[in-house]
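Have a look at structure18.tsv; it's TSV, C-alpha atoms:
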```tsv
chain	number	residue	atom	x	y	z
E	1	MET	CA	103.02	94.64	110.85
E	2	ASP	CA	106.14	95.71	112.70
E	3	SER	CA	106.85	94.52	116.22
E	4	PHE	CA	108.17	97.07	118.69
E	5	ARG	CA	110.34	96.40	121.72
E	6	PHE	CA	113.01	97.94	123.92
E	7	ALA	CA	116.42	96.28	124.05
E	8	HIS	CA	116.85	97.41	127.67
E	9	PRO	CA	113.34	98.02	129.07
E	10	GLU	CA	114.67	98.29	132.63
E	11	ALA	CA	116.21	101.65	131.67
E	12	LEU	CA	112.70	103.13	131.42
E	13	TYR	CA	112.67	103.36	135.22
E	14	LEU	CA	114.90	106.40	134.70
E	15	LEU	CA	111.78	108.24	133.51
E	16	LEU	CA	111.06	108.69	137.22
E	17	LEU	CA	113.68	111.44	137.04
E	18	VAL	CA	111.36	113.59	134.91
E	19	PRO	CA	108.80	114.44	137.62
E	20	MET	CA	111.67	114.97	140.08
E	21	VAL	CA	113.27	117.50	137.72
E	22	LEU	CA	109.92	119.26	137.21
E	23	VAL	CA	109.49	119.62	140.97
E	24	LEU	CA	113.01	121.01	141.36
E	25	MET	CA	112.41	123.53	138.57
E	26	TRP	CA	109.15	124.65	140.15
E	27	LEU	CA	110.86	125.12	143.52
E	28	PHE	CA	113.66	127.11	141.87
E	29	ARG	CA	111.21	129.45	140.09
E	30	ARG	CA	109.18	129.97	143.26
E	31	ASN	CA	112.28	130.77	145.33
E	32	ARG	CA	113.51	133.19	142.66
E	33	ALA	CA	110.14	134.95	142.57
E	34	ASN	CA	110.14	135.25	146.36
E	35	ALA	CA	113.67	136.64	146.29
E	36	LEU	CA	112.70	139.29	143.71
E	37	ASP	CA	109.70	140.31	145.80
E	38	THR	CA	111.99	141.18	148.70
E	39	PHE	CA	113.67	143.85	146.58
E	40	GLY	CA	110.55	145.86	145.82
E	41	ASP	CA	107.60	146.19	143.48
E	42	SER	CA	107.61	143.58	140.72
E	43	ARG	CA	106.65	146.12	138.03
E	44	LEU	CA	109.60	148.31	138.88
E	45	ILE	CA	111.96	145.33	138.88
E	46	SER	CA	110.67	144.21	135.48
E	47	HIS	CA	111.66	147.59	134.05
E	48	LEU	CA	115.04	147.41	135.73
E	49	MET	CA	115.60	144.16	133.79
E	50	PRO	CA	113.93	144.95	130.45
E	51	ASP	CA	115.89	142.30	128.56
E	52	PHE	CA	114.81	139.39	130.75
E	53	SER	CA	112.04	137.12	129.39
E	54	SER	CA	110.28	134.74	131.78
E	55	ARG	CA	108.62	132.96	128.87
E	56	ARG	CA	112.01	132.11	127.42
E	57	SER	CA	113.09	130.55	130.71
E	58	VAL	CA	109.92	128.44	130.84
E	59	LEU	CA	110.44	127.30	127.25
E	60	LYS	CA	114.08	126.40	127.93
E	61	ALA	CA	113.02	124.41	130.99
E	62	TRP	CA	110.48	122.38	129.00
E	63	LEU	CA	112.98	121.75	126.21
E	64	PHE	CA	115.39	120.33	128.77
E	65	VAL	CA	112.74	118.10	130.38
E	66	ILE	CA	111.58	116.70	127.04
E	67	ALA	CA	115.18	116.10	125.97
E	68	LEU	CA	115.82	114.27	129.26
E	69	ALA	CA	112.81	111.98	128.74
E	70	LEU	CA	113.83	111.22	125.15
E	71	GLN	CA	117.39	110.48	126.26
E	72	VAL	CA	116.02	107.82	128.62
E	73	VAL	CA	114.20	106.31	125.64
E	74	VAL	CA	117.52	106.26	123.76
E	75	VAL	CA	119.18	104.38	126.63
E	76	ALA	CA	116.31	101.86	126.64
E	77	GLY	CA	117.06	101.10	122.98
E	78	PRO	CA	113.84	101.26	120.90
E	79	GLN	CA	113.77	98.57	118.21
E	80	PHE	CA	111.40	97.47	115.46
E	81	GLY	CA	111.07	93.99	114.00
E	82	SER	CA	111.30	94.86	110.36
E	83	LYS	CA	109.76	91.81	108.75
E	84	PHE	CA	108.41	88.31	109.15
E	85	GLN	CA	110.51	85.38	108.07
E	86	THR	CA	109.49	81.76	107.78
E	87	VAL	CA	112.11	79.57	109.40
E	88	LYS	CA	112.49	75.81	109.43
E	89	ARG	CA	112.75	74.10	112.78
E	90	SER	CA	113.16	70.47	113.71
E	91	GLY	CA	111.05	69.73	116.75
E	92	ILE	CA	107.74	68.55	118.20
E	93	GLU	CA	104.46	70.16	119.27
E	94	VAL	CA	103.50	70.07	122.94
E	95	MET	CA	100.20	71.13	124.54
E	96	VAL	CA	100.31	71.68	128.30
E	97	ALA	CA	97.04	71.22	130.21
E	98	LEU	CA	97.34	72.90	133.62
E	99	ASP	CA	94.90	72.24	136.44
E	100	VAL	CA	93.75	75.51	138.09
E	101	SER	CA	91.08	74.09	140.38
E	102	ASN	CA	91.00	75.17	144.03
E	103	SER	CA	92.72	71.98	145.19
E	104	MET	CA	95.88	73.20	143.44
E	105	ASN	CA	96.21	75.79	146.23
E	106	ALA	CA	97.01	73.00	148.71
E	107	GLN	CA	100.45	73.36	150.25
E	108	ASP	CA	101.60	69.77	150.68
E	109	VAL	CA	104.30	70.82	148.22
E	110	SER	CA	105.83	74.22	148.88
E	111	PRO	CA	104.80	76.92	148.22
E	112	SER	CA	101.68	75.32	146.67
E	113	ARG	CA	100.78	72.77	144.04
E	114	LEU	CA	99.94	75.47	141.49
E	115	GLU	CA	103.14	77.43	142.07
E	116	VAL	CA	105.22	74.25	141.72
E	117	ALA	CA	103.29	73.42	138.55
E	118	LYS	CA	104.05	76.87	137.11
E	119	MET	CA	107.74	76.41	137.92
E	120	ALA	CA	107.59	73.00	136.23
E	121	VAL	CA	106.21	74.55	133.02
E	122	ALA	CA	108.90	77.26	133.10
E	123	ARG	CA	111.66	74.67	133.53
E	124	LEU	CA	110.18	72.55	130.76
E	125	VAL	CA	110.07	75.51	128.36
E	126	ASP	CA	113.68	76.41	129.24
E	127	LYS	CA	114.76	72.96	128.07
E	128	MET	CA	112.82	73.11	124.80
E	129	ALA	CA	114.69	74.38	121.77
E	130	ASP	CA	113.04	74.25	118.34
E	131	ASP	CA	109.69	72.89	119.52
E	132	ARG	CA	106.32	74.62	119.75
E	133	VAL	CA	104.13	74.76	122.83
E	134	GLY	CA	100.54	75.73	123.68
E	135	LEU	CA	98.65	76.06	126.96
E	136	VAL	CA	95.22	74.96	128.18
E	137	VAL	CA	93.92	75.68	131.69
E	138	PHE	CA	91.13	73.63	133.20
E	139	ALA	CA	89.04	73.01	136.29
E	140	GLY	CA	85.38	72.07	135.75
E	141	ASN	CA	85.81	73.31	132.15
E	142	ALA	CA	88.84	73.69	129.88
E	143	TYR	CA	89.96	76.77	127.94
E	144	VAL	CA	92.79	77.48	125.49
E	145	GLN	CA	94.92	80.23	127.03
E	146	MET	CA	97.75	80.23	124.51
E	147	PRO	CA	97.64	78.62	121.06
E	148	MET	CA	100.61	76.76	119.65
E	149	THR	CA	103.62	79.07	119.48
E	150	PRO	CA	107.43	78.99	119.24
E	151	ASP	CA	107.60	82.08	121.48
E	152	PHE	CA	108.69	80.53	124.78
E	153	SER	CA	109.22	83.88	126.47
E	154	SER	CA	105.53	84.73	126.01
E	155	VAL	CA	104.55	81.39	127.52
E	156	LYS	CA	106.70	82.02	130.60
E	157	MET	CA	105.37	85.56	130.93
E	158	PHE	CA	101.77	84.36	130.76
E	159	MET	CA	102.41	81.65	133.35
E	160	GLN	CA	103.09	84.33	135.94
E	161	SER	CA	99.44	85.43	135.80
E	162	VAL	CA	97.88	81.95	136.03
E	163	SER	CA	95.72	81.51	139.14
E	164	THR	CA	92.94	79.30	140.47
E	165	GLY	CA	90.40	82.05	139.81
E	166	MET	CA	90.76	81.80	136.02
E	167	VAL	CA	88.06	79.14	135.54
E	168	PRO	CA	84.75	79.87	137.25
E	169	THR	CA	83.51	76.27	137.28
E	170	GLN	CA	85.22	74.09	139.85
E	171	GLY	CA	86.13	70.45	139.26
E	172	THR	CA	88.85	68.51	137.46
E	173	ALA	CA	87.74	67.83	133.88
E	174	ILE	CA	90.90	66.08	132.69
E	175	GLY	CA	89.12	64.38	129.79
E	176	GLN	CA	87.80	67.67	128.41
E	177	ALA	CA	91.26	69.22	128.76
E	178	ILE	CA	92.83	66.35	126.78
E	179	GLU	CA	90.21	66.68	124.03
E	180	LEU	CA	90.77	70.44	123.80
E	181	CYS	CA	94.54	69.95	123.58
E	182	GLN	CA	94.02	67.32	120.88
E	183	ASN	CA	92.06	69.83	118.79
E	184	SER	CA	94.56	72.65	119.35
E	185	PHE	CA	97.52	71.21	117.47
E	186	SER	CA	98.50	72.60	114.07
E	187	GLN	CA	97.45	70.95	110.84
E	188	THR	CA	101.06	70.23	109.88
E	189	GLU	CA	101.45	66.59	108.90
E	190	GLY	CA	104.14	64.28	110.21
E	191	VAL	CA	104.85	66.25	113.40
E	192	SER	CA	105.25	64.36	116.68
E	193	ARG	CA	102.79	65.61	119.28
E	194	ALA	CA	102.43	65.25	123.03
E	195	ILE	CA	99.98	66.37	125.71
E	196	ILE	CA	101.25	67.05	129.23
E	197	VAL	CA	98.55	67.12	131.90
E	198	ILE	CA	99.70	68.73	135.15
E	199	THR	CA	97.19	68.07	137.94
E	200	ASP	CA	96.57	66.48	141.33
E	201	GLY	CA	94.11	64.12	139.61
E	202	GLU	CA	91.23	64.55	142.07
E	203	ASN	CA	87.50	64.48	141.30
E	204	HIS	CA	87.30	63.52	137.63
E	205	GLU	CA	84.33	65.10	135.87
E	206	ASP	CA	84.56	62.86	132.80
E	207	ASP	CA	86.27	59.81	131.32
E	208	ALA	CA	89.89	60.92	131.13
E	209	VAL	CA	91.09	57.44	130.20
E	210	ALA	CA	88.86	57.33	127.12
E	211	ALA	CA	90.05	60.81	126.09
E	212	ALA	CA	93.67	59.69	126.41
E	213	GLN	CA	92.97	56.59	124.32
E	214	ALA	CA	91.38	58.75	121.60
E	215	ALA	CA	94.43	60.99	121.54
E	216	ALA	CA	96.79	58.00	121.36
E	217	ALA	CA	94.78	56.67	118.40
E	218	GLU	CA	95.82	59.80	116.51
E	219	GLY	CA	99.48	59.35	117.43
E	220	ILE	CA	99.46	61.84	120.30
E	221	LYS	CA	101.20	60.75	123.48
E	222	VAL	CA	99.65	61.78	126.79
E	223	TYR	CA	101.84	62.36	129.84
E	224	THR	CA	100.59	63.12	133.33
E	225	VAL	CA	102.54	65.07	135.94
E	226	GLY	CA	101.20	64.58	139.46
E	227	MET	CA	101.01	67.48	141.89
E	228	GLY	CA	100.74	66.88	145.61
E	229	THR	CA	101.35	64.00	148.02
E	230	THR	CA	99.39	60.94	149.13
E	231	LYS	CA	99.32	62.41	152.66
E	232	GLY	CA	97.55	65.46	151.30
E	233	ALA	CA	96.83	68.87	152.75
E	234	PRO	CA	93.87	71.19	153.42
E	235	ILE	CA	92.78	73.67	150.74
E	236	PRO	CA	93.07	77.35	151.71
E	237	MET	CA	90.05	79.53	151.00
E	238	VAL	CA	92.48	82.21	149.80
E	239	ALA	CA	95.54	81.23	147.76
E	240	GLY	CA	98.83	81.66	149.61
E	241	THR	CA	97.29	81.67	153.11
E	242	ASN	CA	97.64	78.98	155.75
E	243	ASN	CA	94.32	79.32	157.57
E	244	ASN	CA	90.58	79.40	156.89
E	245	PHE	CA	90.44	76.15	154.92
E	246	ILE	CA	87.64	74.75	152.76
E	247	LYS	CA	85.22	72.52	154.72
E	248	ASP	CA	82.60	69.96	153.77
E	249	LYS	CA	78.88	70.09	154.63
E	250	GLU	CA	79.55	68.61	158.05
E	251	GLY	CA	82.05	71.32	158.86
E	252	ASN	CA	85.13	69.11	158.52
E	253	VAL	CA	88.27	70.44	156.84
E	254	VAL	CA	88.67	68.91	153.38
E	255	ILE	CA	91.98	67.13	152.82
E	256	SER	CA	93.11	67.02	149.19
E	257	ARG	CA	95.35	64.12	148.08
E	258	ILE	CA	96.96	63.26	144.79
E	259	ASP	CA	95.28	60.45	142.86
E	260	GLU	CA	98.36	58.69	141.52
E	261	SER	CA	96.45	55.60	140.41
E	262	SER	CA	94.10	57.55	138.13
E	263	LEU	CA	96.93	59.63	136.66
E	264	ALA	CA	98.95	56.50	135.93
E	265	GLN	CA	95.95	54.96	134.14
E	266	VAL	CA	95.48	58.08	132.00
E	267	ALA	CA	99.17	58.10	131.03
E	268	GLN	CA	99.12	54.39	130.21
E	269	ALA	CA	96.02	54.82	128.03
E	270	GLY	CA	97.72	57.73	126.24
E	271	GLY	CA	100.93	55.80	125.55
E	272	GLY	CA	102.94	58.16	127.73
E	273	ALA	CA	104.13	58.03	131.33
E	274	PHE	CA	103.09	59.21	134.78
E	275	ILE	CA	105.67	61.47	136.40
E	276	PRO	CA	105.35	62.48	140.07
E	277	ALA	CA	106.75	66.00	140.32
E	278	ASN	CA	107.38	66.27	144.04
E	279	ASN	CA	111.05	66.59	143.11
E	280	ILE	CA	110.62	69.23	140.45
E	281	ARG	CA	114.10	68.92	138.98
E	282	ASN	CA	114.10	65.15	138.59
E	283	GLY	CA	110.49	65.15	137.42
E	284	ILE	CA	111.08	67.65	134.63
E	285	ASN	CA	114.35	65.99	133.60
E	286	THR	CA	112.48	62.70	133.30
E	287	LEU	CA	109.77	64.38	131.22
E	288	VAL	CA	112.33	66.04	128.94
E	289	ASP	CA	114.00	62.66	128.41
E	290	GLU	CA	110.61	61.20	127.45
E	291	LEU	CA	109.91	64.01	124.98
E	292	SER	CA	113.39	63.86	123.48
E	293	GLY	CA	112.67	60.27	122.47
E	294	LEU	CA	109.90	61.44	120.13
E	295	ASP	CA	110.72	61.81	116.47
E	296	LYS	CA	111.44	65.42	115.59
E	297	SER	CA	109.99	66.76	112.37
E	298	GLU	CA	110.52	69.89	110.32
E	299	ILE	CA	108.24	72.68	111.56
E	300	GLU	CA	107.66	75.99	109.84
E	301	ALA	CA	107.39	79.05	112.06
E	302	ARG	CA	106.91	82.72	111.17
E	303	VAL	CA	109.09	84.88	113.34
E	304	TYR	CA	110.51	88.39	113.19
E	305	SER	CA	113.81	87.86	111.47
E	306	GLU	CA	115.54	90.95	112.77
E	307	TYR	CA	115.13	93.94	115.02
E	308	GLU	CA	116.47	97.26	113.85
E	309	ASP	CA	117.77	99.81	116.35
E	310	LYS	CA	115.81	103.08	116.01
E	311	ALA	CA	117.55	104.94	118.84
E	312	ILE	CA	119.46	107.13	116.37
E	313	TYR	CA	116.25	108.95	115.38
E	314	VAL	CA	115.33	109.66	118.98
E	315	GLN	CA	118.91	110.79	119.65
E	316	PHE	CA	118.62	113.24	116.75
E	317	ALA	CA	115.46	114.67	118.31
E	318	VAL	CA	117.37	115.12	121.59
E	319	PHE	CA	120.13	116.94	119.71
E	320	VAL	CA	117.61	119.30	118.07
E	321	LEU	CA	115.97	120.10	121.41
E	322	LEU	CA	119.31	120.80	123.10
E	323	LEU	CA	120.34	122.96	120.13
E	324	LEU	CA	117.14	124.99	120.51
E	325	ASP	CA	117.81	125.30	124.22
E	326	LEU	CA	121.26	126.67	123.39
E	327	VAL	CA	119.98	129.12	120.75
E	328	ILE	CA	117.14	130.52	122.87
E	329	LEU	CA	118.83	132.98	125.22
E	330	MET	CA	117.51	133.97	128.61
E	331	ARG	CA	117.92	137.62	127.58
E	332	LYS	CA	116.38	139.37	124.62
E	333	ASN	CA	118.61	139.98	121.63
E	334	PRO	CA	118.29	143.61	120.45
E	335	ARG	CA	118.96	142.53	116.87
E	336	LEU	CA	115.99	140.13	117.01
E	337	ALA	CA	113.66	142.46	118.89
E	338	ALA	CA	111.47	142.86	115.84
E	339	PHE	CA	110.91	139.06	115.73
E	340	ASP	CA	110.20	138.60	119.44
E	341	ILE	CA	107.61	135.83	119.80
E	342	PHE	CA	108.03	135.29	123.51
E	343	THR	CA	106.54	138.50	124.88
E	344	ARG	CA	103.34	140.35	124.16
E	345	LYS	CA	103.61	143.88	122.76
E	346	LYS	CA	102.61	146.49	125.34
E	347	PRO	CA	101.13	149.96	124.73
E	348	VAL	CA	103.58	152.81	125.03
E	349	LYS	CA	101.86	154.11	128.15
E	350	ASP	CA	102.61	150.82	129.92
E	351	LEU	CA	106.32	151.30	129.45
E	352	PHE	CA	106.42	154.00	132.10
E	353	VAL	CA	105.77	153.61	135.78
E	354	SER	CA	104.68	156.48	137.90
E	355	VAL	CA	106.72	157.12	140.98
E	356	SER	CA	103.50	157.11	142.97
E	357	ASP	CA	102.78	153.58	141.74
E	358	VAL	CA	105.96	152.23	143.22
E	359	LYS	CA	105.62	150.95	146.73
E	360	PRO	CA	109.07	150.60	148.25
E	361	LYS	CA	109.60	147.87	150.79
E	362	PHE	CA	111.55	148.73	153.91
```
When written as structure tokens, how does the structure in this file appear?
Amino acid sequence: MDSFRFAHPEALYLLLLVPMVLVLMWLFRRNRANALDTFGDSRLISHLMPDFSSRRSVLKAWLFVIALALQVVVVAGPQFGSKFQTVKRSGIEVMVALDVSNSMNAQDVSPSRLEVAKMAVARLVDKMADDRVGLVVFAGNAYVQMPMTPDFSSVKMFMQSVSTGMVPTQGTAIGQAIELCQNSFSQTEGVSRAIIVITDGENHEDDAVAAAQAAAAEGIKVYTVGMGTTKGAPIPMVAGTNNNFIKDKEGNVVISRIDESSLAQVAQAGGGAFIPANNIRNGINTLVDELSGLDKSEIEARVYSEYEDKAIYVQFAVFVLLLLDLVILMRKNPRLAAFDIFTRKKPVKDLFVSVSDVKPKF
């Protein structure tokens, strides 16, 4: 199946010109009709200009508008991926487990723990080359949001839509997330694998240490990236706001703090490392250094090998439309009168206007 894309999708904003042109054309036709009405009766004027065809002018206008829209498509550069190709890559497989519980809305790191976590994933993906990555989101339950893929751009695009409302059940089920990541790797043998858990580590719903040990037993390293500070911060009821915080049963504002001790234990059980990500740049660099130490293996990936530019076909359609616009004259051609398809034949009696029917305007 072919894959379609635009080489320059930002050029499609030029399509906003189409409705603007339509409005201008409508205003022009209305002003012209009003101007003709000032000269006298419209039926008399139509017989004074027997060669003029309003239908031709409408057709020419629509040909121009369609040609304009297609020309914008040409500028955007339509392309098709012509075929799949299996390529060999030397890398590792990484599953990212991202905490989307409400506590990740806390703002002890700016702008919030979740936003910093999303930036961390984007930076991590930018530094990956021939590896493959997948994504699991979790709170009280864990869900696979993106299976293992070499398409890093899709991962970054999806990360923009991640929010704390994605998982209906609240909590921090780190153990379940690790187990789901463990079962989401490919069946390729001999590939180094790693799980990166990005969370504040609060309120474990299960035995995360045991899950990390089970993953390590299969040769999968588990890394934890801590979000938040030991000082902590209140949890906004609405993400991105700085008031109306979550309260406990006694009416006290809940303060969420990172559980560094638990995250360090999980990383140790998984044979990886705990990385505090308060300094996002240093934290990700440290994580990349850890991953680069893993043995890289040959990975097969099916990708579109090439994209073919199809703009020439659209450009040809534009040329045909403009040629038709040039051929269709605003005035009737006497030689082609017998083949006139733009006007309806009138009875002979309609070709004459009685003087009494004409109402001059003074």
Contacts of stretch 200-215 of chain E within 8 Å, all atoms listed in the file, excl. fewer than 6 positions in-chain, as a VMD selection string: chain E and resid 99 103 to 104 140 171 to 176 178 to 179 182 221 to 222 226 to 228 256 to 260 262 to 263 265 to 267 269 to 270
Step by step, gather every atom of stretch 313-317 of chain E that the file lists, find the box along x, y and z that holds them, add 6 Å on each side, and finally give centre and edge lengths in Å to one decimal, as lines of an AutoDock Vina configuration file.
```
center_x = 117.1
center_y = 111.8
center_z = 117.5
size_x = 15.6
size_y = 17.7
size_z = 16.3
```
One-decimal distance in Å that lies between atom CA of E:Glu218 and atom CA of E:Tyr143: 21.3 Å
With stretch 3-8 of chain E as the partner and 7 Å as the cut-off, tabulate the residues of stretch 77-137 of chain E that qualify, each row holding the nearest pair of atoms and their distance in Å to one decimal, using all atoms listed in the file, sorted by chain and rising number, as a tab-separated table.
```
residue	atom	partner	partner_atom	distance
E:Gly77	CA	E:Ala7	CA	5.0
E:Pro78	CA	E:Phe6	CA	4.6
E:Gln79	CA	E:Arg5	CA	5.4
E:Phe80	CA	E:Phe4	CA	4.6
E:Gly81	CA	E:Ser3	CA	4.8
```
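Between atom CA of E:Val133 and atom CA of E:Val94 the interatomic distance comes to 4.7 Å.
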Expected answer as JSON, numbers by chain: all residues with atoms within 8 Å of (107.9, 79.5, 129.4), only C-alpha atoms: {"E": [121, 122, 123, 124, 125, 126, 152, 153, 154, 155, 156, 157, 158, 159]}
For a cutoff of 7 Å around the file-coordinate point (100.1, 79.7, 120.6), which residues qualify once you count only C-alpha atoms? I'd like the result as a PDB file with C-alpha atoms, in the coordinates of the input.
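Just written: part_22.pdb:
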```pdb
ATOM      1  CA  VAL E 133     104.130  74.760 122.830  1.00  0.00           C
ATOM      2  CA  GLY E 134     100.540  75.730 123.680  1.00  0.00           C
ATOM      3  CA  MET E 146      97.750  80.230 124.510  1.00  0.00           C
ATOM      4  CA  PRO E 147      97.640  78.620 121.060  1.00  0.00           C
ATOM      5  CA  MET E 148     100.610  76.760 119.650  1.00  0.00           C
ATOM      6  CA  THR E 149     103.620  79.070 119.480  1.00  0.00           C
TER       7      THR E 149
END
```
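The space separating atom CA of E:Arg55 from atom CA of E:Leu14 comes to 27.9 Å.
When all atoms listed in the file are used to compute distances to E:Leu326, the closest of the residues E:Arg30, E:Phe245, E:Leu59, E:Val23 turns out to be E:Leu59.
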Top pick for closest residue to E:Ile196, considering E:Ala142, E:Ile312, E:Val137, E:Val96 and counting only C-alpha atoms: E:Val96
Nearest-residue call for E:Val109, choices E:Arg56, E:Lys127, E:Lys231, E:Arg132, using only C-alpha atoms: E:Lys231
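Shortest atom-to-atom contact with E:Gly219 among E:Gln268, E:Ser192, E:Thr199, E:Thr286: E:Ser192, counting only C-alpha atoms.
Remark: for E:Arg113, the closest of the candidate residues E:Ala311, E:Val21, E:Leu63, E:Ala233 is E:Ala233 (distances computed over only C-alpha atoms).
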